[in-house]
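A.B. asks: Okay, so here is run.tsv, and as you'll see once you scroll down, it has TSV, C-alpha atoms.
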chain	number	residue	atom	x	y	z
A	1	MET	CA	-217.01	45.59	41.18
A	2	GLN	CA	-213.84	45.78	43.23
A	3	ARG	CA	-211.04	43.77	41.70
A	4	PRO	CA	-210.57	40.85	44.06
A	5	ASN	CA	-207.05	39.91	43.07
A	6	SER	CA	-204.91	41.60	45.67
A	7	HIS	CA	-201.81	39.46	45.51
A	8	PRO	CA	-198.87	39.49	45.71
A	9	VAL	CA	-197.93	40.89	49.09
A	10	LYS	CA	-196.16	44.25	48.89
A	11	ARG	CA	-193.08	44.50	50.99
A	12	GLY	CA	-191.85	48.06	51.41
A	13	GLU	CA	-188.54	49.72	52.24
A	14	ALA	CA	-188.80	48.90	55.91
A	15	ALA	CA	-189.04	45.20	55.17
A	16	THR	CA	-186.01	43.09	55.73
A	17	PRO	CA	-184.57	42.26	52.34
A	18	SER	CA	-182.91	39.14	53.66
A	19	ARG	CA	-182.65	37.34	50.35
A	20	ALA	CA	-182.46	38.08	46.70
A	21	VAL	CA	-181.58	41.74	47.23
A	22	LYS	CA	-177.95	42.59	46.68
A	23	ASP	CA	-176.56	45.01	49.20
A	24	ASP	CA	-173.19	46.40	48.12
A	25	ARG	CA	-172.59	48.34	51.32
A	26	GLU	CA	-173.22	45.24	53.42
A	27	ALA	CA	-170.83	43.20	51.28
A	28	ALA	CA	-168.14	45.89	51.59
A	29	LEU	CA	-168.57	46.02	55.37
A	30	VAL	CA	-168.31	42.25	55.66
A	31	ALA	CA	-165.15	42.22	53.52
A	32	ALA	CA	-163.59	44.98	55.66
A	33	ALA	CA	-164.58	43.23	58.91
A	34	ARG	CA	-163.05	39.98	57.67
A	35	ALA	CA	-159.88	41.87	56.86
A	36	GLY	CA	-159.72	42.99	60.51
A	37	ASP	CA	-161.46	46.37	60.50
A	38	PRO	CA	-163.39	46.54	63.80
A	39	ALA	CA	-165.27	49.71	62.77
A	40	ALA	CA	-166.77	47.84	59.83
A	41	PHE	CA	-168.14	45.15	62.13
A	42	GLU	CA	-169.48	47.80	64.52
A	43	GLU	CA	-171.33	49.35	61.59
A	44	LEU	CA	-172.87	45.99	60.68
A	45	VAL	CA	-174.03	45.63	64.28
A	46	SER	CA	-175.52	49.12	64.33
A	47	ARG	CA	-177.33	48.39	61.09
A	48	TYR	CA	-179.04	45.26	62.35
A	49	GLU	CA	-179.18	45.44	66.16
A	50	ARG	CA	-182.82	46.60	66.27
A	51	LYS	CA	-184.05	43.91	63.91
A	52	ILE	CA	-182.03	41.19	65.61
A	53	PHE	CA	-183.27	42.24	69.04
A	54	ARG	CA	-186.87	42.28	67.79
A	55	LEU	CA	-186.45	38.82	66.27
A	56	ALA	CA	-184.85	37.45	69.44
A	57	HIS	CA	-187.58	39.03	71.55
A	58	ASN	CA	-190.37	37.72	69.33
A	59	VAL	CA	-188.97	34.19	69.38
A	60	THR	CA	-188.09	33.98	73.07
A	61	GLY	CA	-190.92	36.22	74.30
A	62	ASN	CA	-188.61	37.43	77.01
A	63	HIS	CA	-186.54	40.63	77.27
A	64	GLU	CA	-183.63	39.13	79.20
A	65	ASP	CA	-183.30	36.12	76.91
A	66	ALA	CA	-183.59	38.38	73.87
A	67	GLU	CA	-180.64	40.47	75.04
A	68	ASP	CA	-178.51	37.38	75.67
A	69	VAL	CA	-179.46	35.92	72.30
A	70	MET	CA	-178.63	39.14	70.45
A	71	GLN	CA	-175.23	39.50	72.13
A	72	GLU	CA	-174.35	35.89	71.52
A	73	ALA	CA	-175.48	36.08	67.90
A	74	PHE	CA	-173.31	39.11	67.14
A	75	LEU	CA	-170.30	37.68	68.99
A	76	LYS	CA	-170.66	34.32	67.21
A	77	SER	CA	-171.04	35.97	63.84
A	78	TYR	CA	-167.83	37.91	64.49
A	79	ALA	CA	-165.97	34.81	65.65
A	80	ASN	CA	-167.13	32.88	62.57
A	81	LEU	CA	-166.85	35.58	59.91
A	82	ASP	CA	-164.34	33.46	58.00
A	83	ARG	CA	-166.97	30.73	57.66
A	84	PHE	CA	-169.49	33.08	56.08
A	85	GLN	CA	-169.66	31.95	52.48
A	86	GLY	CA	-171.13	35.08	50.95
A	87	ASP	CA	-173.65	33.13	48.89
A	88	SER	CA	-176.49	34.61	50.95
A	89	ARG	CA	-176.74	38.01	52.56
A	90	PHE	CA	-174.86	38.55	55.80
A	91	TYR	CA	-178.17	39.51	57.40
A	92	THR	CA	-179.73	36.15	56.46
A	93	TRP	CA	-176.75	34.37	57.99
A	94	LEU	CA	-177.15	36.48	61.14
A	95	VAL	CA	-180.85	35.60	61.31
A	96	ARG	CA	-179.97	31.90	61.21
A	97	ILE	CA	-177.43	32.29	64.03
A	98	THR	CA	-179.96	34.30	66.07
A	99	VAL	CA	-182.72	31.74	65.60
A	100	ASN	CA	-180.41	28.89	66.62
A	101	GLU	CA	-179.41	30.78	69.76
A	102	ALA	CA	-183.05	31.59	70.52
A	103	LEU	CA	-184.10	27.97	70.02
A	104	MET	CA	-181.42	26.88	72.47
A	105	LYS	CA	-182.86	29.28	75.04
A	106	LEU	CA	-186.35	27.90	74.42
A	107	ARG	CA	-185.13	24.32	74.74
A	108	LYS	CA	-183.60	25.19	78.10
A	109	ARG	CA	-186.99	26.55	79.13
A	110	ARG	CA	-188.59	23.40	77.66
A	111	VAL	CA	-190.65	25.37	75.17
A	112	ASN	CA	-191.17	23.23	72.12
A	113	VAL	CA	-191.58	25.04	68.82
A	114	VAL	CA	-191.28	21.97	66.64
A	115	SER	CA	-194.07	19.65	67.69
A	116	LEU	CA	-197.56	21.03	67.97
A	117	ASP	CA	-200.70	19.67	69.43
A	118	GLU	CA	-202.42	17.77	66.60
A	119	GLN	CA	-205.54	19.77	67.19
A	120	LEU	CA	-203.68	22.94	66.26
A	121	GLU	CA	-202.89	21.54	62.84
A	122	SER	CA	-206.28	20.18	61.94
A	123	GLU	CA	-208.17	21.65	59.01
A	124	ASP	CA	-211.09	22.62	61.21
A	125	ASP	CA	-209.40	25.63	62.70
A	126	VAL	CA	-208.79	27.65	59.58
A	127	MET	CA	-212.17	29.20	58.80
A	128	PRO	CA	-212.21	32.87	59.87
A	129	ARG	CA	-214.65	33.78	62.60
A	130	GLU	CA	-214.63	37.53	62.08
A	131	VAL	CA	-214.82	38.94	58.56
A	132	GLN	CA	-214.72	42.69	58.11
A	133	ASP	CA	-213.30	45.28	55.79
A	134	TRP	CA	-210.22	47.10	57.10
A	135	GLY	CA	-210.11	49.89	54.54
A	136	PRO	CA	-207.04	50.87	52.52
A	137	SER	CA	-204.35	51.71	55.17
A	138	PRO	CA	-205.55	50.47	58.56
A	139	GLU	CA	-202.14	50.84	60.18
A	140	GLN	CA	-202.26	54.61	59.67
A	141	ARG	CA	-205.02	54.89	62.26
A	142	TYR	CA	-202.44	54.40	64.98
A	143	ALA	CA	-199.36	56.33	66.07
A	144	GLN	CA	-196.14	54.42	65.41
A	145	ALA	CA	-195.48	53.53	69.06
A	146	GLU	CA	-199.06	52.37	69.56
A	147	MET	CA	-198.85	50.31	66.39
A	148	GLN	CA	-195.63	48.66	67.55
A	149	GLY	CA	-197.35	47.76	70.82
A	150	ILE	CA	-200.29	46.19	68.99
A	151	LEU	CA	-198.02	44.12	66.76
A	152	ALA	CA	-195.83	42.99	69.66
A	153	ASP	CA	-198.85	41.95	71.74
A	154	THR	CA	-200.64	40.11	68.96
A	155	ILE	CA	-197.60	38.17	67.80
A	156	ALA	CA	-196.73	37.29	71.40
A	157	SER	CA	-200.18	35.74	71.79
A	158	LEU	CA	-199.59	33.31	68.93
A	159	GLU	CA	-198.53	29.74	69.77
A	160	PRO	CA	-194.68	29.50	69.59
A	161	GLY	CA	-194.81	26.88	66.81
A	162	PHE	CA	-196.80	29.22	64.57
A	163	ARG	CA	-195.06	32.39	65.66
A	164	ILE	CA	-191.57	31.32	64.65
A	165	VAL	CA	-192.68	30.17	61.20
A	166	PHE	CA	-194.45	33.48	60.57
A	167	LEU	CA	-191.42	35.46	61.76
A	168	LEU	CA	-189.00	33.56	59.55
A	169	ARG	CA	-191.15	33.44	56.42
A	170	ASP	CA	-192.97	36.77	56.49
A	171	VAL	CA	-190.88	39.13	58.58
A	172	GLU	CA	-187.37	37.85	57.81
A	173	GLN	CA	-188.41	36.57	54.39
A	174	LEU	CA	-186.56	33.27	54.50
A	175	SER	CA	-187.76	30.79	51.91
A	176	THR	CA	-190.03	27.90	52.87
A	177	GLU	CA	-187.09	25.52	52.41
A	178	GLU	CA	-184.73	27.64	54.54
A	179	THR	CA	-187.36	27.85	57.28
A	180	ALA	CA	-187.97	24.10	57.15
A	181	GLU	CA	-184.25	23.35	57.40
A	182	LEU	CA	-183.67	25.79	60.26
A	183	LEU	CA	-186.57	24.43	62.33
A	184	GLY	CA	-186.18	20.77	61.40
A	185	LEU	CA	-189.67	20.68	59.88
A	186	SER	CA	-190.93	19.37	56.56
A	187	VAL	CA	-191.86	21.84	53.80
A	188	PRO	CA	-195.59	20.91	54.04
A	189	ALA	CA	-195.48	21.49	57.82
A	190	VAL	CA	-193.98	24.95	57.30
A	191	LYS	CA	-196.67	25.79	54.74
A	192	SER	CA	-199.45	24.52	56.96
A	193	ARG	CA	-198.20	26.51	59.94
A	194	LEU	CA	-197.68	29.63	57.89
A	195	LEU	CA	-201.27	29.50	56.67
A	196	ARG	CA	-202.58	29.11	60.20
A	197	ALA	CA	-200.25	31.77	61.62
A	198	ARG	CA	-201.34	34.29	59.01
A	199	LEU	CA	-205.03	33.57	59.54
A	200	ARG	CA	-204.72	33.71	63.32
A	201	LEU	CA	-202.84	36.99	63.25
A	202	ARG	CA	-205.43	38.38	60.86
A	203	GLU	CA	-208.11	37.40	63.36
A	204	LYS	CA	-206.18	38.96	66.25
A	205	LEU	CA	-205.65	42.23	64.36
A	206	ASN	CA	-209.26	42.42	63.23
A	207	PRO	CA	-210.61	44.23	66.33
A	208	TYR	CA	-207.97	46.96	65.87
A	209	PHE	CA	-208.35	47.46	62.15
A	210	ARG	CA	-211.94	46.78	61.13
A	211	ARG	CA	-213.21	49.90	59.47
A	212	ASP	CA	-216.69	50.26	60.80
A	213	ARG	CA	-217.80	47.68	63.28
A	214	ASP	CA	-221.42	48.88	63.33
A	215	ALA	CA	-222.10	49.26	59.63
A	216	LEU	CA	-219.91	46.49	58.28
A	217	GLY	CA	-219.23	44.28	61.24
A	218	ARG	CA	-220.69	40.84	61.19
A	219	SER	CA	-219.45	37.50	62.23
A	220	ARG	CA	-219.25	34.28	60.38
A	221	SER	CA	-219.49	31.26	62.60
A	222	SER	CA	-219.57	28.63	59.88
A	223	GLU	CA	-218.77	28.26	56.23
A	224	PRO	CA	-221.42	29.88	54.01
B	1	MET	CA	-214.16	26.38	44.54
B	2	ASN	CA	-215.95	27.14	47.83
B	3	CYS	CA	-214.97	29.43	50.72
B	4	ARG	CA	-213.06	26.69	52.55
B	5	GLY	CA	-211.08	25.95	49.41
B	6	VAL	CA	-210.13	29.62	49.06
B	7	VAL	CA	-209.07	29.90	52.70
B	8	LEU	CA	-206.92	26.77	52.45
B	9	GLU	CA	-205.15	28.21	49.40
B	10	ILE	CA	-204.76	31.79	50.68
B	11	SER	CA	-201.08	31.49	51.60
B	12	ASP	CA	-199.99	30.05	48.27
B	13	TYR	CA	-202.26	32.51	46.45
B	14	LEU	CA	-200.68	35.50	48.21
B	15	ASP	CA	-197.19	34.08	47.68
B	16	GLY	CA	-197.88	33.63	43.96
B	17	GLU	CA	-197.19	29.89	44.19
B	18	LEU	CA	-200.34	28.51	42.54
B	19	ASP	CA	-200.96	27.30	39.00
B	20	ARG	CA	-202.77	29.73	36.74
B	21	GLU	CA	-205.86	27.51	36.66
B	22	VAL	CA	-206.18	27.51	40.45
B	23	VAL	CA	-205.65	31.28	40.58
B	24	ALA	CA	-208.44	31.72	38.01
B	25	GLU	CA	-210.73	29.49	40.07
B	26	ILE	CA	-210.03	31.48	43.23
B	27	GLU	CA	-210.59	34.77	41.47
B	28	ARG	CA	-213.89	33.58	40.04
B	29	HIS	CA	-214.98	32.80	43.58
B	30	LEU	CA	-213.71	36.15	44.89
B	31	GLU	CA	-215.70	38.03	42.30
B	32	GLN	CA	-218.92	36.80	43.83
B	33	CYS	CA	-217.97	36.38	47.51
B	34	GLU	CA	-217.43	39.56	49.52
B	35	ASP	CA	-216.49	37.68	52.71
B	36	CYS	CA	-213.65	35.88	50.95
B	37	ARG	CA	-212.51	39.10	49.28
B	38	TRP	CA	-212.21	40.64	52.75
B	39	VAL	CA	-210.42	37.60	54.15
B	40	VAL	CA	-207.89	37.66	51.31
B	41	ASP	CA	-207.42	41.42	51.54
B	42	THR	CA	-207.05	41.52	55.32
B	43	THR	CA	-204.69	38.52	55.34
B	44	LYS	CA	-202.53	40.29	52.79
B	45	LYS	CA	-202.61	43.47	54.91
B	46	THR	CA	-201.67	41.44	58.01
B	47	ILE	CA	-198.51	40.21	56.30
B	48	GLU	CA	-197.65	43.64	54.92
B	49	ILE	CA	-198.17	45.38	58.27
B	50	TYR	CA	-195.81	43.01	60.10
B	51	CYS	CA	-193.34	42.88	57.28
B	52	ASN	CA	-193.09	46.66	56.92
B	53	ALA	CA	-193.14	47.62	60.60
B	54	GLU	CA	-190.03	49.41	61.84
B	55	PRO	CA	-188.49	47.77	64.91
B	56	LEU	CA	-188.44	49.77	68.12
B	57	PRO	CA	-185.17	51.51	68.99
B	58	LEU	CA	-182.98	49.40	71.21
B	59	PRO	CA	-183.25	50.48	74.88
B	60	ASP	CA	-180.14	52.55	75.71
B	61	ALA	CA	-178.93	50.21	78.45
B	62	VAL	CA	-179.27	47.16	76.15
B	63	ARG	CA	-177.39	48.93	73.37
B	64	GLN	CA	-174.60	49.98	75.73
B	65	ARG	CA	-174.16	46.46	77.07
B	66	LEU	CA	-174.07	45.05	73.54
B	67	HIS	CA	-171.46	47.48	72.33
B	68	ALA	CA	-169.38	47.06	75.50
B	69	ALA	CA	-169.34	43.29	74.94
B	70	LEU	CA	-168.36	43.78	71.31
B	71	GLU	CA	-165.69	46.30	72.11
B	72	ASN	CA	-164.22	43.91	74.61
B	73	ARG	CA	-164.08	41.19	71.94
B	74	LEU	CA	-162.87	43.48	69.17
B	75	ARG	CA	-160.17	45.01	71.35
B	76	ARG	CA	-158.72	41.56	71.87
B	77	GLY	CA	-158.06	41.76	68.16
B	78	HIS	CA	-158.73	38.16	67.22
B	79	ARG	CA	-161.71	36.13	66.34
Written as structure tokens, how would this file's structure read?

C.D. replies:
Amino acid sequence: MQRPNSHPVKRGEAATPSRAVKDDREAALVAAARAGDPAAFEELVSRYERKIFRLAHNVTGNHEDAEDVMQEAFLKSYANLDRFQGDSRFYTWLVRITVNEALMKLRKRRVNVVSLDEQLESEDDVMPREVQDWGPSPEQRYAQAEMQGILADTIASLEPGFRIVFLLRDVEQLSTEETAELLGLSVPAVKSRLLRARLRLREKLNPYFRRDRDALGRSRSSEP
Amino acid sequence: MNCRGVVLEISDYLDGELDREVVAEIERHLEQCEDCRWVVDTTKKTIEIYCNAEPLPLPDAVRQRLHAALENRLRRGHR
């Protein structure tokens, strides 16, 4: 029988090692930038601009806002380099600045990521509707650009209050406590939203990744 | 533990945040429930796929505007 225990989640090289991983080059660049070397700061920007833009875009859901947020985040991080304590990675600090800027944009647009409709947080919504096998490497069935489109579309379709928790915890790898503090939520609320965000994204990806919809596909409408 | 119990614990299970006894209970259920095995496996893959996806290159115009704004700030030579 197949071994069911598939945890923990494997995060590869492309993942954002925003905590716990020491990055000597990053630390050297930050030290040089603080000492007044503009090229060092430019290199930090070049390192992270794609990830920061993606984060800003995923949170705001809007290209124009994402560009503003990214620019403001880099400029603020430069202006406040002396306040960076160095007890976390520079990237993590940058993520926090970016999220705060993005939340300000959302507040201006009156999008609320903190409070959710009670119905969205009830226990009744967690049971998966579609249950299929995806096979070993489902993402390899798509070209990279196509894959990026699928991921962007599915995450954009998630409710903002779930989306931001998933982005911070799973993509940026902030801790539950860091995520709670940044969003002004309790730790149990972050955990509850993360569970629902993961399950909803799984459901949204299912049509793209299920291995054989005819032979294996079946739906589960209620708990067995 | 039943299927609902497994689904409610999936996040903590995948994050390795459960007591050994609860993990053992979940794994006993997974051994005899193919649906839950698939739910656990595909939830784990969902996280890994997002987590490991490379971001798209920045559009040229966006990158140019960003670096122009930075250059302007950096040239002023103070923070």

A.B. asks: Quick one: residues within 12 Å of Glu25 in chain B, all atoms listed in the file, excluding same-chain residues fewer than 5 positions away - as a ChimeraX atom specification?

C.D. replies: /A:5 /B:1-3,5-6,9,13,18-20,30-32

A.B. asks: Rounded to one decimal in Å, what is the spacing between CA of Leu94 in chain A and CA of Ile52 in chain A?

C.D. replies: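 Separating CA of Leu94 in chain A from CA of Ile52 in chain A is a distance of 8.1 Å.
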
A.B. asks: Considering all atoms listed in the file, return as number ranges by chain whatever protein or nucleic-acid residues lie within 12 Å of Gly36 in chain A, sequence-local ones (same chain, fewer than 5 positions apart) excluded.

C.D. replies: A: 29-31, 41-42, 78-79, 81-82; B: 74-79

A.B. asks: Would you work out the distance separating CA of Ser11 in chain B from CA of Thr179 in chain A, expressed in Å to one decimal?

C.D. replies: 15.3 Å

A.B. asks: Quick check: residues of chain B within 8 Å of chain A, all atoms listed in the file, returned as number ranges by chain.

C.D. replies: B: 3-4, 7-8, 10-11, 13-16, 27, 30-31, 35, 37-58, 62, 66, 69-70, 73-74, 77, 79

A.B. asks: Return the single residue from B:Glu71, B:Pro59, B:Glu21, B:Asp12 that is closest to Thr176 in chain A, with distances computed using only C-alpha atoms.

C.D. replies: B:Asp12

A.B. asks: In Å, how far is it from CA of Val69 in chain A to CA of Lys105 in chain A?

C.D. replies: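 The value is 7.9 Å.
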
A.B. asks: Can you work out which one of A:Leu182, A:Ser157, A:Pro188, A:Ala27 has the shortest atom-to-atom distance to Tyr91 in chain A, counting only C-alpha atoms?

C.D. replies: A:Ala27

A.B. asks: As an mmCIF file, in the frame of the given file, please: range 35-49 of chain B completed to N, CA and C atoms.

C.D. replies:
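Result saved to part.cif:
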data_model
loop_
_atom_site.group_PDB
_atom_site.id
_atom_site.type_symbol
_atom_site.label_atom_id
_atom_site.label_comp_id
_atom_site.auth_asym_id
_atom_site.auth_seq_id
_atom_site.Cartn_x
_atom_site.Cartn_y
_atom_site.Cartn_z
ATOM 1 N N ASP B 35 -217.185 38.153 51.508
ATOM 2 C CA ASP B 35 -216.490 37.680 52.710
ATOM 3 C C ASP B 35 -215.072 37.206 52.358
ATOM 4 N N CYS B 36 -214.974 36.405 51.311
ATOM 5 C CA CYS B 36 -213.650 35.880 50.950
ATOM 6 C C CYS B 36 -212.731 36.991 50.435
ATOM 7 N N ARG B 37 -213.333 37.961 49.730
ATOM 8 C CA ARG B 37 -212.510 39.100 49.280
ATOM 9 C C ARG B 37 -211.903 39.798 50.502
ATOM 10 N N TRP B 38 -212.712 39.972 51.543
ATOM 11 C CA TRP B 38 -212.210 40.640 52.750
ATOM 12 C C TRP B 38 -211.160 39.765 53.454
ATOM 13 N N VAL B 39 -211.409 38.475 53.485
ATOM 14 C CA VAL B 39 -210.420 37.600 54.150
ATOM 15 C C VAL B 39 -209.082 37.664 53.414
ATOM 16 N N VAL B 40 -209.135 37.598 52.086
ATOM 17 C CA VAL B 40 -207.890 37.660 51.310
ATOM 18 C C VAL B 40 -207.215 39.016 51.527
ATOM 19 N N ASP B 41 -207.995 40.084 51.421
ATOM 20 C CA ASP B 41 -207.420 41.420 51.540
ATOM 21 C C ASP B 41 -206.835 41.671 52.922
ATOM 22 N N THR B 42 -207.545 41.244 53.971
ATOM 23 C CA THR B 42 -207.050 41.520 55.320
ATOM 24 C C THR B 42 -205.894 40.577 55.690
ATOM 25 N N THR B 43 -205.847 39.392 55.107
ATOM 26 C CA THR B 43 -204.690 38.520 55.340
ATOM 27 C C THR B 43 -203.452 39.126 54.686
ATOM 28 N N LYS B 44 -203.649 39.630 53.491
ATOM 29 C CA LYS B 44 -202.530 40.290 52.790
ATOM 30 C C LYS B 44 -202.047 41.502 53.597
ATOM 31 N N LYS B 45 -202.994 42.275 54.113
ATOM 32 C CA LYS B 45 -202.610 43.470 54.910
ATOM 33 C C LYS B 45 -201.892 43.040 56.194
ATOM 34 N N THR B 46 -202.336 41.941 56.786
ATOM 35 C CA THR B 46 -201.670 41.440 58.010
ATOM 36 C C THR B 46 -200.187 41.201 57.736
ATOM 37 N N ILE B 47 -199.906 40.515 56.639
ATOM 38 C CA ILE B 47 -198.510 40.210 56.300
ATOM 39 C C ILE B 47 -197.738 41.510 56.044
ATOM 40 N N GLU B 48 -198.347 42.397 55.281
ATOM 41 C CA GLU B 48 -197.650 43.640 54.920
ATOM 42 C C GLU B 48 -197.373 44.504 56.158
ATOM 43 N N ILE B 49 -198.340 44.542 57.078
ATOM 44 C CA ILE B 49 -198.170 45.380 58.270
ATOM 45 C C ILE B 49 -196.991 44.876 59.111
#
